[in-house]
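A.B. asks: As input, take final-v9.cif (mmCIF, C-alpha atoms):
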data_model
#
loop_
_atom_site.group_PDB
_atom_site.id
_atom_site.type_symbol
_atom_site.label_atom_id
_atom_site.label_comp_id
_atom_site.auth_asym_id
_atom_site.auth_seq_id
_atom_site.Cartn_x
_atom_site.Cartn_y
_atom_site.Cartn_z
ATOM 1 C CA MET K 243 86.062 105.751 113.733
ATOM 2 C CA ALA K 244 88.910 105.219 111.345
ATOM 3 C CA ASP K 245 92.393 104.267 112.444
ATOM 4 C CA TYR K 246 94.148 107.334 113.874
ATOM 5 C CA TYR K 247 97.173 106.784 111.658
ATOM 6 C CA SER K 248 95.046 106.732 108.513
ATOM 7 C CA VAL K 249 93.146 109.824 109.707
ATOM 8 C CA LEU K 250 96.449 111.689 109.716
ATOM 9 C CA GLY K 251 97.703 109.920 106.580
ATOM 10 C CA VAL K 252 100.885 108.555 108.172
ATOM 11 C CA GLU K 253 102.414 105.121 108.670
ATOM 12 C CA ARG K 254 102.293 103.413 112.069
ATOM 13 C CA GLY K 255 106.004 103.958 112.607
ATOM 14 C CA ALA K 256 105.887 107.678 111.852
ATOM 15 C CA ASP K 257 108.009 109.860 114.100
ATOM 16 C CA ASP K 258 106.752 112.887 116.037
ATOM 17 C CA LYS K 259 107.887 115.302 113.347
ATOM 18 C CA ALA K 260 105.918 113.461 110.636
ATOM 19 C CA LEU K 261 102.822 113.318 112.869
ATOM 20 C CA LYS K 262 102.982 117.028 113.608
ATOM 21 C CA SER K 263 103.542 117.947 109.975
ATOM 22 C CA ALA K 264 100.653 115.805 108.752
ATOM 23 C CA TYR K 265 98.363 117.150 111.465
ATOM 24 C CA ARG K 266 99.166 120.784 110.733
ATOM 25 C CA LYS K 267 98.662 120.370 107.010
ATOM 26 C CA LEU K 268 95.287 118.668 107.401
ATOM 27 C CA ALA K 269 94.151 120.959 110.221
ATOM 28 C CA MET K 270 94.682 123.970 107.982
ATOM 29 C CA GLN K 271 92.804 122.257 105.163
ATOM 30 C CA TYR K 272 89.777 121.295 107.278
ATOM 31 C CA HIS K 273 89.682 124.163 109.792
ATOM 32 C CA PRO K 274 86.078 125.340 110.258
ATOM 33 C CA ASP K 275 87.069 128.989 109.738
ATOM 34 C CA ARG K 276 88.371 128.103 106.277
ATOM 35 C CA ASN K 277 85.256 126.036 105.492
ATOM 36 C CA PRO K 278 82.335 127.934 107.032
ATOM 37 C CA ASP K 279 79.738 126.393 104.709
ATOM 38 C CA ASN K 280 81.010 122.817 104.993
ATOM 39 C CA PRO K 281 79.782 120.993 108.134
ATOM 40 C CA SER K 282 81.720 117.858 107.188
ATOM 41 C CA ALA K 283 84.969 119.853 107.420
ATOM 42 C CA GLU K 284 84.248 120.536 111.101
ATOM 43 C CA VAL K 285 83.668 116.826 111.709
ATOM 44 C CA LYS K 286 86.938 115.982 109.956
ATOM 45 C CA PHE K 287 88.759 118.688 111.937
ATOM 46 C CA LYS K 288 87.531 117.224 115.238
ATOM 47 C CA GLU K 289 88.583 113.748 114.099
ATOM 48 C CA LEU K 290 92.064 115.071 113.253
ATOM 49 C CA ASN K 291 92.372 116.696 116.670
ATOM 50 C CA GLU K 292 91.341 113.514 118.456
ATOM 51 C CA ALA K 293 93.813 111.427 116.477
ATOM 52 C CA TYR K 294 96.685 113.846 117.018
ATOM 53 C CA ASP K 295 95.946 114.232 120.735
ATOM 54 C CA VAL K 296 96.351 110.489 121.197
ATOM 55 C CA LEU K 297 99.311 109.912 118.900
ATOM 56 C CA LYS K 298 101.414 112.876 120.060
ATOM 57 C CA ASP K 299 101.558 111.497 123.611
ATOM 58 C CA GLY K 300 103.967 108.567 123.922
ATOM 59 C CA ASN K 301 101.976 106.731 126.608
ATOM 60 C CA GLN K 302 98.640 107.161 124.871
ATOM 61 C CA ARG K 303 100.162 106.156 121.543
ATOM 62 C CA ALA K 304 101.593 102.971 123.083
ATOM 63 C CA ALA K 305 98.187 102.104 124.537
ATOM 64 C CA TYR K 306 96.514 102.820 121.203
ATOM 65 C CA ASP K 307 99.041 100.641 119.381
ATOM 66 C CA ARG K 308 98.383 97.775 121.811
ATOM 67 C CA VAL K 309 94.610 97.972 122.151
ATOM 68 C CA GLY K 310 93.329 100.358 119.482
ATOM 69 C CA HIS K 311 90.225 102.481 119.969
ATOM 70 C CA ASP K 312 89.039 100.236 122.793
ATOM 71 C CA ALA K 313 91.639 101.845 125.059
ATOM 72 C CA TYR K 314 89.709 105.103 124.785
ATOM 73 C CA THR K 315 86.081 104.150 124.348
ATOM 74 C CA GLN K 316 86.033 102.183 127.606
ATOM 75 C CA SER K 317 87.756 104.905 129.619
ATOM 76 C CA LYS K 318 85.378 107.577 128.282
ATOM 77 C CA GLN K 319 82.354 105.535 129.343
ATOM 78 C CA GLY K 320 83.551 104.999 132.916
#
Represent the structure of the file as structure tokens.
C.D. replies:
Amino acid sequence: MADYYSVLGVERGADDKALKSAYRKLAMQYHPDRNPDNPSAEVKFKELNEAYDVLKDGNQRAAYDRVGHDAYTQSKQG
């Protein structure tokens, strides 16, 4: 999995407004309804949602910034 910031195309210090704007733009671009014949668009859309879900929440974002993906892969396994 790529870095959540690079998935959304923003810098690490991006504010909430920049995160939301980047997410919305990319979500529209890769939405499965707009790309019915492109299975990779659905994969990208799910990746965007996962990244935004983590980064939009201050606590989750802080944990991600400290630990990275490990903060979420371990908790999902347990």
A.B. asks: For a test of reading the model, state the distance in Å between CA of Leu261 (chain K) and CA of Arg276 (chain K), rounded to one decimal.
C.D. replies: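 We find that CA of Leu261 (chain K) and CA of Arg276 (chain K) lie 21.7 Å from each other.
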A.B. asks: List the spatial neighbours of Gln271 (chain K) as a ChimeraX atom specification - criterion: any atom at most 12 Å away, all atoms listed in the file, same-chain residues fewer than 4 positions off excluded.
C.D. replies: /K:264-267,275-277,280,283-284,286-287,290
A.B. asks: Here's the selection I'm unsure about, the PyMOL selection byres ((chain K and resi 254) around 12); applied to the file above, which residues does it give, as a ChimeraX atom specification?
C.D. replies: /K:245-253,255-258,260-261,297,303-304,306-308
A.B. asks: Calculate how many Å separate CA of Ser282 (chain K) from CA of His311 (chain K), rounding to one decimal.
C.D. replies: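 Taking CA of Ser282 (chain K) as the start and CA of His311 (chain K) as the end point, the length is 21.7 Å.
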A.B. asks: Quick one: distance from CA of Tyr294 (chain K) to CA of Lys262 (chain K) in Å, one decimal?
C.D. replies: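 About the pair CA of Tyr294 (chain K) and CA of Lys262 (chain K): they are 7.8 Å apart.
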A.B. asks: Once you've located chain K in the structure I gave, write it as a tab-separated table (two decimals), in the first residue's frame, keeping C-alpha atoms.
C.D. replies:
chain	number	residue	atom	x	y	z
K	243	MET	CA	0.00	0.00	0.00
K	244	ALA	CA	1.28	3.41	-0.92
K	245	ASP	CA	1.60	6.24	1.56
K	246	TYR	CA	-1.85	7.71	2.26
K	247	TYR	CA	-0.62	11.23	1.56
K	248	SER	CA	0.69	10.24	-1.87
K	249	VAL	CA	-2.54	8.35	-2.61
K	250	LEU	CA	-4.41	11.63	-2.17
K	251	GLY	CA	-1.64	13.67	-3.82
K	252	VAL	CA	-1.10	16.02	-0.87
K	253	GLU	CA	1.83	16.98	1.34
K	254	ARG	CA	2.13	15.60	4.87
K	255	GLY	CA	1.28	18.97	6.39
K	256	ALA	CA	-1.88	19.44	4.32
K	257	ASP	CA	-4.83	20.91	6.19
K	258	ASP	CA	-8.31	19.37	6.33
K	259	LYS	CA	-9.58	21.53	3.49
K	260	ALA	CA	-6.78	20.40	1.16
K	261	LEU	CA	-7.36	16.74	2.10
K	262	LYS	CA	-11.08	16.99	1.44
K	263	SER	CA	-10.58	18.79	-1.86
K	264	ALA	CA	-8.02	16.27	-3.11
K	265	TYR	CA	-10.20	13.35	-2.02
K	266	ARG	CA	-13.32	14.68	-3.72
K	267	LYS	CA	-11.51	15.38	-6.97
K	268	LEU	CA	-9.95	11.92	-7.14
K	269	ALA	CA	-13.08	10.15	-5.91
K	270	MET	CA	-15.05	11.65	-8.78
K	271	GLN	CA	-12.33	10.65	-11.23
K	272	TYR	CA	-12.11	7.02	-10.06
K	273	HIS	CA	-15.70	6.37	-8.96
K	274	PRO	CA	-16.82	2.94	-10.20
K	275	ASP	CA	-20.05	4.37	-11.66
K	276	ARG	CA	-17.98	6.65	-13.90
K	277	ASN	CA	-15.64	3.78	-14.87
K	278	PRO	CA	-17.86	0.70	-15.21
K	279	ASP	CA	-15.45	-1.12	-17.53
K	280	ASN	CA	-12.30	-0.35	-15.55
K	281	PRO	CA	-11.75	-2.69	-12.57
K	282	SER	CA	-8.57	-0.85	-11.58
K	283	ALA	CA	-10.63	2.32	-11.02
K	284	GLU	CA	-12.62	0.50	-8.32
K	285	VAL	CA	-9.39	-0.58	-6.63
K	286	LYS	CA	-8.08	2.99	-6.74
K	287	PHE	CA	-11.41	4.30	-5.40
K	288	LYS	CA	-11.24	1.94	-2.41
K	289	GLU	CA	-7.64	2.98	-1.77
K	290	LEU	CA	-8.69	6.66	-1.82
K	291	ASN	CA	-11.49	5.98	0.65
K	292	GLU	CA	-9.18	4.14	3.02
K	293	ALA	CA	-6.60	6.92	2.90
K	294	TYR	CA	-9.16	9.66	3.45
K	295	ASP	CA	-10.89	7.79	6.28
K	296	VAL	CA	-7.61	7.68	8.19
K	297	LEU	CA	-6.33	11.16	7.41
K	298	LYS	CA	-9.60	13.03	8.03
K	299	ASP	CA	-9.66	11.89	11.66
K	300	GLY	CA	-7.17	13.78	13.82
K	301	ASN	CA	-6.40	10.87	16.16
K	302	GLN	CA	-6.01	8.33	13.37
K	303	ARG	CA	-3.89	10.76	11.36
K	304	ALA	CA	-1.57	11.31	14.35
K	305	ALA	CA	-1.18	7.55	14.79
K	306	TYR	CA	-0.52	7.13	11.07
K	307	ASP	CA	2.08	9.90	11.14
K	308	ARG	CA	3.84	8.23	14.08
K	309	VAL	CA	3.69	4.59	13.03
K	310	GLY	CA	2.53	4.47	9.41
K	311	HIS	CA	0.51	1.59	8.01
K	312	ASP	CA	1.57	-0.66	10.88
K	313	ALA	CA	-0.87	1.20	13.13
K	314	TYR	CA	-3.71	-0.23	11.05
K	315	THR	CA	-2.51	-3.59	9.80
K	316	GLN	CA	-1.92	-4.88	13.33
K	317	SER	CA	-5.26	-3.66	14.66
K	318	LYS	CA	-7.14	-5.22	11.72
K	319	GLN	CA	-5.52	-8.60	12.37
K	320	GLY	CA	-6.42	-8.69	16.07
